>>> print(open('my_file.cif').read())   # mmCIF, C-alpha atoms
data_data
#
loop_
_atom_site.label_atom_id
_atom_site.label_comp_id
_atom_site.auth_asym_id
_atom_site.auth_seq_id
_atom_site.Cartn_x
_atom_site.Cartn_y
_atom_site.Cartn_z
CA MET A 1 89.54 42.09 -71.97
CA ASP A 2 88.30 40.74 -68.68
CA HIS A 3 91.09 40.38 -66.12
CA ASN A 4 90.81 38.19 -63.05
CA PHE A 5 92.91 38.95 -60.00
CA THR A 6 93.48 36.97 -56.82
CA ALA A 7 91.89 38.68 -53.83
CA HIS A 8 94.18 40.00 -51.11
CA PRO A 9 93.82 37.41 -48.29
CA TRP A 10 93.54 40.08 -45.59
CA HIS A 11 91.43 42.77 -47.24
CA GLY A 12 89.73 41.07 -50.17
CA ILE A 13 88.10 38.02 -48.60
CA SER A 14 84.95 37.97 -46.50
CA PRO A 15 85.24 36.45 -43.02
CA GLY A 16 81.89 34.77 -43.66
CA GLN A 17 78.24 35.69 -43.28
CA ARG A 18 77.93 33.76 -40.01
CA ALA A 19 80.95 35.34 -38.32
CA PRO A 20 81.82 35.22 -35.47
CA ARG A 21 79.99 31.89 -34.89
CA GLU A 22 81.61 30.49 -38.03
CA VAL A 23 84.48 32.16 -39.85
CA VAL A 24 86.51 31.83 -43.01
CA ALA A 25 90.17 31.45 -42.05
CA PHE A 26 93.18 31.93 -44.30
CA ILE A 27 95.74 29.24 -43.39
CA GLU A 28 99.39 30.28 -43.65
CA ILE A 29 101.14 27.28 -42.08
CA VAL A 30 100.35 23.63 -41.38
CA PRO A 31 101.97 21.19 -38.92
CA SER A 32 104.16 19.56 -41.60
CA ASP A 33 105.86 22.86 -42.48
CA THR A 34 109.47 23.18 -41.35
CA VAL A 35 109.52 26.95 -41.88
CA LYS A 36 107.07 29.57 -40.65
CA TYR A 37 105.20 31.14 -43.53
CA GLU A 38 103.53 34.48 -43.07
CA LEU A 39 101.45 36.83 -45.18
CA ASP A 40 103.27 39.81 -46.64
CA LYS A 41 100.70 42.41 -45.65
CA GLU A 42 101.40 44.80 -48.51
CA SER A 43 101.34 42.37 -51.42
CA GLY A 44 99.15 39.59 -50.02
CA ILE A 45 101.76 36.97 -50.99
CA ILE A 46 102.92 34.27 -48.59
CA THR A 47 106.59 34.67 -47.61
CA ILE A 48 109.03 32.78 -45.37
CA ASP A 49 109.17 34.45 -41.98
CA ARG A 50 111.75 32.17 -40.35
CA PRO A 51 112.70 28.50 -40.00
CA GLN A 52 110.80 26.72 -37.26
CA GLN A 53 112.83 26.84 -34.07
CA PHE A 54 114.16 23.38 -33.23
CA SER A 55 111.35 20.87 -32.60
CA ASN A 56 108.69 23.52 -31.99
CA VAL A 57 106.16 22.64 -34.71
CA VAL A 58 102.82 24.39 -35.04
CA PRO A 59 100.24 22.04 -33.46
CA ALA A 60 97.39 22.71 -35.93
CA ASN A 61 96.56 24.68 -39.04
CA TYR A 62 97.50 28.28 -38.31
CA GLY A 63 96.50 31.50 -39.99
CA PHE A 64 94.23 34.51 -39.55
CA ILE A 65 90.69 35.77 -39.95
CA PRO A 66 90.33 38.19 -42.89
CA LYS A 67 89.27 41.79 -42.26
CA THR A 68 90.37 41.75 -38.62
CA PHE A 69 92.97 43.93 -36.90
CA CYS A 70 94.46 43.82 -33.43
CA GLY A 71 94.51 47.44 -32.36
CA ASP A 72 93.54 49.59 -29.39
CA SER A 73 90.22 47.85 -28.70
CA ILE A 74 91.83 44.40 -28.68
CA ALA A 75 94.46 45.74 -26.26
CA GLU A 76 91.74 47.14 -24.01
CA LEU A 77 89.88 43.85 -24.10
CA ALA A 78 93.05 41.97 -23.14
CA ARG A 79 93.58 44.27 -20.17
CA GLY A 80 90.04 43.48 -19.09
CA GLN A 81 90.90 39.78 -19.22
CA GLY A 82 93.73 40.26 -16.75
CA ALA A 83 96.66 40.91 -19.09
CA SER A 84 99.17 43.21 -17.42
CA GLY A 85 101.67 45.41 -19.19
CA ILE A 86 99.61 45.55 -22.39
CA LEU A 87 100.30 48.72 -24.34
CA VAL A 88 98.87 48.09 -27.82
CA GLY A 89 97.51 45.41 -30.10
CA ASP A 90 100.08 43.71 -32.29
CA ALA A 91 98.84 45.52 -35.47
CA ASP A 92 98.28 42.23 -37.31
CA PRO A 93 95.12 40.39 -38.35
CA LEU A 94 93.63 38.17 -35.65
CA ASP A 95 95.36 34.78 -35.49
CA ILE A 96 93.44 31.52 -35.54
CA LEU A 97 94.42 27.89 -34.93
CA VAL A 98 92.10 25.41 -36.68
CA LEU A 99 91.98 21.86 -35.31
CA SER A 100 91.31 18.96 -37.66
CA GLU A 101 91.91 15.21 -37.81
CA HIS A 102 92.85 15.58 -41.47
CA HIS A 103 96.32 16.11 -42.85
CA ILE A 104 96.18 19.33 -44.86
CA PRO A 105 99.36 19.29 -46.97
CA ARG A 106 99.90 23.00 -47.44
CA GLY A 107 98.84 26.47 -46.40
CA SER A 108 97.71 29.44 -48.51
CA ILE A 109 94.15 28.06 -48.46
CA LEU A 110 90.77 29.06 -47.06
CA VAL A 111 88.89 26.90 -44.55
CA ASN A 112 85.55 27.21 -42.78
CA ALA A 113 86.01 27.04 -39.03
CA ARG A 114 83.93 27.27 -35.86
CA PRO A 115 85.61 29.18 -32.99
CA ILE A 116 85.40 27.48 -29.58
CA GLY A 117 87.76 29.62 -27.48
CA GLY A 118 91.21 31.10 -27.43
CA PHE A 119 94.33 32.30 -25.68
CA CYS A 120 94.87 35.86 -24.50
CA LEU A 121 98.57 36.00 -25.38
CA VAL A 122 100.91 38.83 -24.40
CA ASP A 123 103.97 39.23 -26.62
CA ASN A 124 106.42 41.92 -25.48
CA GLY A 125 103.64 44.21 -24.30
CA GLU A 126 101.39 43.57 -27.29
CA ALA A 127 98.00 41.86 -27.26
CA ASP A 128 98.26 38.88 -29.62
CA ASP A 129 95.12 36.79 -29.16
CA LYS A 130 94.99 33.30 -30.65
CA ILE A 131 91.52 32.06 -31.52
CA VAL A 132 91.07 28.28 -31.31
CA ALA A 133 88.58 26.76 -33.74
CA VAL A 134 87.54 23.43 -35.19
CA LEU A 135 87.32 22.68 -38.89
CA LYS A 136 83.68 22.74 -39.91
CA GLY A 137 82.46 19.21 -40.62
CA ASP A 138 85.50 17.50 -39.08
CA LYS A 139 84.26 14.18 -37.70
CA ILE A 140 86.65 14.14 -34.74
CA TYR A 141 86.78 17.79 -33.68
CA GLU A 142 83.25 18.89 -34.56
CA GLN A 143 82.03 17.36 -31.28
CA TYR A 144 83.77 20.10 -29.28
CA GLU A 145 81.72 23.19 -28.56
CA GLU A 146 83.96 24.77 -25.94
CA PHE A 147 87.71 25.13 -25.42
CA ASP A 148 87.53 23.42 -22.01
CA GLU A 149 86.07 20.29 -23.63
CA LEU A 150 89.28 19.64 -25.58
CA PRO A 151 91.61 16.91 -24.27
CA ASP A 152 94.23 18.26 -21.88
CA GLY A 153 97.01 17.09 -24.17
CA VAL A 154 95.67 19.16 -27.07
CA LYS A 155 95.33 22.27 -24.90
CA ASP A 156 98.79 21.78 -23.39
CA ARG A 157 100.39 21.35 -26.83
CA MET A 158 98.88 24.59 -28.09
CA ALA A 159 99.86 26.50 -24.95
CA HIS A 160 103.43 25.20 -25.11
CA TYR A 161 103.75 26.25 -28.74
CA PHE A 162 102.60 29.80 -28.13
CA LEU A 163 104.77 30.19 -25.03
CA THR A 164 107.93 29.03 -26.78
CA TYR A 165 107.61 29.57 -30.53
CA LYS A 166 109.67 32.78 -30.53
CA ASN A 167 112.35 31.60 -28.12
CA LEU A 168 115.83 30.24 -28.65
CA PRO A 169 117.32 27.98 -25.94
CA GLY A 170 118.49 29.96 -22.93
CA GLU A 171 116.51 33.06 -23.82
CA PRO A 172 114.01 34.54 -21.37
CA GLN A 173 110.41 33.79 -22.24
CA LYS A 174 108.98 36.44 -24.57
CA CYS A 175 105.31 35.43 -24.47
CA GLU A 176 102.87 34.77 -21.67
CA ILE A 177 99.31 33.52 -21.61
CA ALA A 178 97.25 35.91 -19.51
CA ASN A 179 94.05 33.93 -19.84
CA THR A 180 92.23 31.25 -21.79
CA TYR A 181 88.60 31.69 -22.73
CA GLY A 182 85.62 29.90 -24.20
CA LYS A 183 83.35 30.29 -27.20
CA LEU A 184 81.41 33.42 -26.23
CA ASP A 185 84.57 35.33 -25.32
CA ALA A 186 86.14 34.19 -28.59
CA HIS A 187 83.15 35.68 -30.42
CA LYS A 188 83.70 38.93 -28.52
CA VAL A 189 87.39 39.01 -29.45
CA ILE A 190 86.55 38.45 -33.13
CA GLU A 191 83.89 41.18 -33.12
CA THR A 192 86.36 43.53 -31.44
CA ALA A 193 88.97 42.75 -34.10
CA PHE A 194 86.36 43.57 -36.78
CA ALA A 195 85.78 46.93 -35.06
CA ASP A 196 89.53 47.62 -34.92
CA TYR A 197 89.76 46.78 -38.62
CA ARG A 198 87.00 49.25 -39.48
CA ALA A 199 88.66 51.93 -37.35
CA LYS A 200 92.08 51.32 -38.92
CA PHE A 201 91.14 50.95 -42.58
CA GLY A 202 87.67 52.49 -42.85
CA LEU A 203 86.45 49.40 -44.68
CA ASP A 204 83.33 47.33 -44.09
CA VAL A 205 83.69 43.77 -42.87
#
>>> encode(input="my_file.cif", output="structure tokens")
Amino acid sequence: MDHNFTAHPWHGISPGQRAPREVVAFIEIVPSDTVKYELDKESGIITIDRPQQFSNVVPANYGFIPKTFCGDSIAELARGQGASGILVGDADPLDILVLSEHHIPRGSILVNARPIGGFCLVDNGEADDKIVAVLKGDKIYEQYEEFDELPDGVKDRMAHYFLTYKNLPGEPQKCEIANTYGKLDAHKVIETAFADYRAKFGLDV
């Protein structure tokens, strides 16, 4: 009997033949979600990580690029971008935020996205880059080729989310943005995360 199995979203899905210029992204959470969903790395099943903190709602479709890993090379790259106090990568797949005019009602889906930049985020001494991309074919966001071309309000909303999404009121800030970067540096970060993945798991991308 022929059995069909769902591919593991991290290890069993290709990031796309045109990566890093275009990537396949696995979306875990969308702006309408009131809880933060996250991939269970062992099983590949989406689980509830935590309720969203207060009014801090993810500003775009949020997930990761398959077959990436944030390890020693990502940490070294972050230090080269001016991040201080970086010890290691965060040992997770590389995060991606995909901008679109469309309301996507749920996560646990694959989308084709075009990276245009990113944030070099430092989270408690860990390198935790956030790639920013546009949904391929989106009639509003496809015009943007570079992170700096985005409206200031869009950039500010993303930055505010990443600076505060792990904080409760009155707590000291846990995350800092060491740098923002454009398309070519985003490609370099993605390629580096592919290399960290190969080094960690010994698997081809």
>>> closest_atom_pairs(input="my_file.cif", of="region 29-80 of chain A", to="region 171-193 of chain A", cutoff="9 Å", atoms="all atoms listed in the file", output="CSV")
residue,atom,partner,partner_atom,distance
A:Ile65,CA,A:Ile190,CA,8.4
A:Lys67,CA,A:Ala193,CA,8.2
A:Thr68,CA,A:Ala193,CA,4.8
A:Phe69,CA,A:Ala193,CA,5.0
A:Cys70,CA,A:Ala193,CA,5.6
A:Gly71,CA,A:Ala193,CA,7.5
A:Ser73,CA,A:Thr192,CA,6.4
A:Ile74,CA,A:Thr192,CA,6.2
A:Leu77,CA,A:Val189,CA,7.6
A:Ala78,CA,A:Ala178,CA,8.2
>>> closest_residue(input="my_file.cif", among="A:Phe194, A:Tyr62, A:Phe201, A:Tyr161", to="Val132 (chain A)", atoms="all atoms listed in the file")
A:Tyr62
>>> resolve_selection(input="my_file.cif", expression="the PyMOL selection byres ((chain A and resi 16-33) around 8)", output="VMD selection string")
chain A and resid 9 14 to 15 34 to 39 46 57 to 66 96 104 to 115 187 190 to 191
>>> resolve_selection(input="my_file.cif", expression="the PyMOL selection byres ((chain A and resi 85) around 9)", output="count of residues only")
9
>>> closest_residue(input="my_file.cif", among="A:Val205, A:Asp92, A:Val154, A:Cys120", to="Gly80 (chain A)", atoms="only C-alpha atoms")
A:Cys120
>>> atom_distance(input="my_file.cif", atom1="CA of Ile45 (chain A)", atom2="CA of Val98 (chain A)")
20.8 Å
>>> atom_distance(input="my_file.cif", atom1="CA of Tyr197 (chain A)", atom2="CA of Glu42 (chain A)")
15.4 Å
>>> closest_residue(input="my_file.cif", among="A:Ile116, A:Ala127, A:Ala199, A:Ala133", to="Asp148 (chain A)", atoms="all atoms listed in the file")
A:Ile116
>>> atom_distance(input="my_file.cif", atom1="CA of Ala7 (chain A)", atom2="CA of Ser43 (chain A)")
10.4 Å
>>> closest_residue(input="my_file.cif", among="A:Thr164, A:Asn56, A:Ser100, A:Gln81", to="Asp129 (chain A)", atoms="all atoms listed in the file")
A:Gln81
>>> closest_residue(input="my_file.cif", among="A:Lys166, A:His102, A:Asp196, A:Gly153", to="Arg50 (chain A)", atoms="only C-alpha atoms")
A:Lys166
>>> closest_residue(input="my_file.cif", among="A:Thr6, A:Tyr165, A:Ala159, A:Gly117", to="Phe147 (chain A)", atoms="all atoms listed in the file")
A:Gly117
>>> build_atoms(input="my_file.cif", residues="region 41-77 of chain A", atoms="N, CA and C atoms", output="compact mmCIF listing (two decimals), in the coordinates of the input")
# COMPACT_ATOMS: atom_id res chain seq x y z
N LYS A 41 101.93 41.64 -45.77
CA LYS A 41 100.70 42.41 -45.65
C LYS A 41 100.49 43.39 -46.80
N GLU A 42 101.56 43.85 -47.41
CA GLU A 42 101.40 44.80 -48.51
C GLU A 42 100.96 44.11 -49.79
N SER A 43 101.63 43.01 -50.14
CA SER A 43 101.34 42.37 -51.42
C SER A 43 100.26 41.29 -51.34
N GLY A 44 100.07 40.70 -50.16
CA GLY A 44 99.15 39.59 -50.02
C GLY A 44 99.75 38.25 -50.41
N ILE A 45 101.07 38.20 -50.61
CA ILE A 45 101.76 36.97 -50.99
C ILE A 45 102.37 36.32 -49.75
N ILE A 46 102.33 35.00 -49.70
CA ILE A 46 102.92 34.27 -48.59
C ILE A 46 104.45 34.29 -48.73
N THR A 47 105.12 34.63 -47.63
CA THR A 47 106.59 34.67 -47.61
C THR A 47 107.10 33.80 -46.46
N ILE A 48 108.40 33.50 -46.47
CA ILE A 48 109.03 32.78 -45.37
C ILE A 48 109.42 33.78 -44.29
N ASP A 49 108.86 33.58 -43.11
CA ASP A 49 109.17 34.45 -41.98
C ASP A 49 110.46 34.01 -41.31
N ARG A 50 110.54 32.71 -40.99
CA ARG A 50 111.75 32.17 -40.35
C ARG A 50 111.64 30.65 -40.33
N PRO A 51 112.78 29.95 -40.24
CA PRO A 51 112.70 28.50 -40.00
C PRO A 51 112.05 28.23 -38.65
N GLN A 52 111.35 27.11 -38.55
CA GLN A 52 110.80 26.72 -37.26
C GLN A 52 111.95 26.47 -36.28
N GLN A 53 111.77 26.95 -35.06
CA GLN A 53 112.83 26.84 -34.07
C GLN A 53 112.87 25.43 -33.47
N PHE A 54 113.94 24.69 -33.81
CA PHE A 54 114.16 23.38 -33.23
C PHE A 54 112.95 22.47 -33.46
N SER A 55 112.44 21.83 -32.42
CA SER A 55 111.35 20.87 -32.60
C SER A 55 109.98 21.51 -32.39
N ASN A 56 109.94 22.84 -32.30
CA ASN A 56 108.69 23.52 -31.99
C ASN A 56 107.87 23.65 -33.27
N VAL A 57 106.96 22.71 -33.49
CA VAL A 57 106.16 22.64 -34.71
C VAL A 57 104.75 23.09 -34.39
N VAL A 58 104.18 23.89 -35.26
CA VAL A 58 102.82 24.39 -35.04
C VAL A 58 101.87 23.20 -34.85
N PRO A 59 101.03 23.22 -33.81
CA PRO A 59 100.24 22.04 -33.46
C PRO A 59 98.96 21.85 -34.28
N ALA A 60 98.60 22.82 -35.10
CA ALA A 60 97.39 22.71 -35.93
C ALA A 60 97.51 23.73 -37.05
N ASN A 61 96.53 23.76 -37.91
CA ASN A 61 96.56 24.68 -39.04
C ASN A 61 96.41 26.12 -38.53
N TYR A 62 97.33 26.98 -38.94
CA TYR A 62 97.50 28.28 -38.31
C TYR A 62 97.43 29.39 -39.35
N GLY A 63 96.61 30.39 -39.07
CA GLY A 63 96.50 31.50 -39.99
C GLY A 63 95.79 32.67 -39.33
N PHE A 64 94.90 33.32 -40.08
CA PHE A 64 94.23 34.51 -39.55
C PHE A 64 92.83 34.63 -40.13
N ILE A 65 92.04 35.48 -39.49
CA ILE A 65 90.69 35.77 -39.95
C ILE A 65 90.74 37.04 -40.79
N PRO A 66 90.30 36.99 -42.05
CA PRO A 66 90.33 38.19 -42.89
C PRO A 66 89.52 39.34 -42.29
N LYS A 67 89.95 40.56 -42.65
CA LYS A 67 89.27 41.79 -42.26
C LYS A 67 89.17 41.95 -40.74
N THR A 68 90.22 41.49 -40.05
CA THR A 68 90.37 41.75 -38.62
C THR A 68 91.67 42.51 -38.40
N PHE A 69 91.76 43.18 -37.26
CA PHE A 69 92.97 43.93 -36.90
C PHE A 69 93.05 43.98 -35.39
N CYS A 70 94.24 43.77 -34.88
CA CYS A 70 94.46 43.82 -33.43
C CYS A 70 95.02 45.19 -33.06
N GLY A 71 94.14 46.07 -32.68
CA GLY A 71 94.51 47.44 -32.36
C GLY A 71 94.17 47.82 -30.94
N ASP A 72 93.75 49.07 -30.74
CA ASP A 72 93.54 49.59 -29.39
C ASP A 72 92.41 48.86 -28.66
N SER A 73 91.34 48.50 -29.37
CA SER A 73 90.22 47.85 -28.70
C SER A 73 90.57 46.44 -28.26
N ILE A 74 91.36 45.73 -29.07
CA ILE A 74 91.83 44.40 -28.68
C ILE A 74 92.73 44.51 -27.46
N ALA A 75 93.59 45.53 -27.42
CA ALA A 75 94.46 45.74 -26.26
C ALA A 75 93.63 46.01 -25.01
N GLU A 76 92.61 46.84 -25.14
CA GLU A 76 91.74 47.14 -24.01
C GLU A 76 91.01 45.89 -23.53
N LEU A 77 90.56 45.08 -24.46
CA LEU A 77 89.88 43.85 -24.10
C LEU A 77 90.82 42.91 -23.35
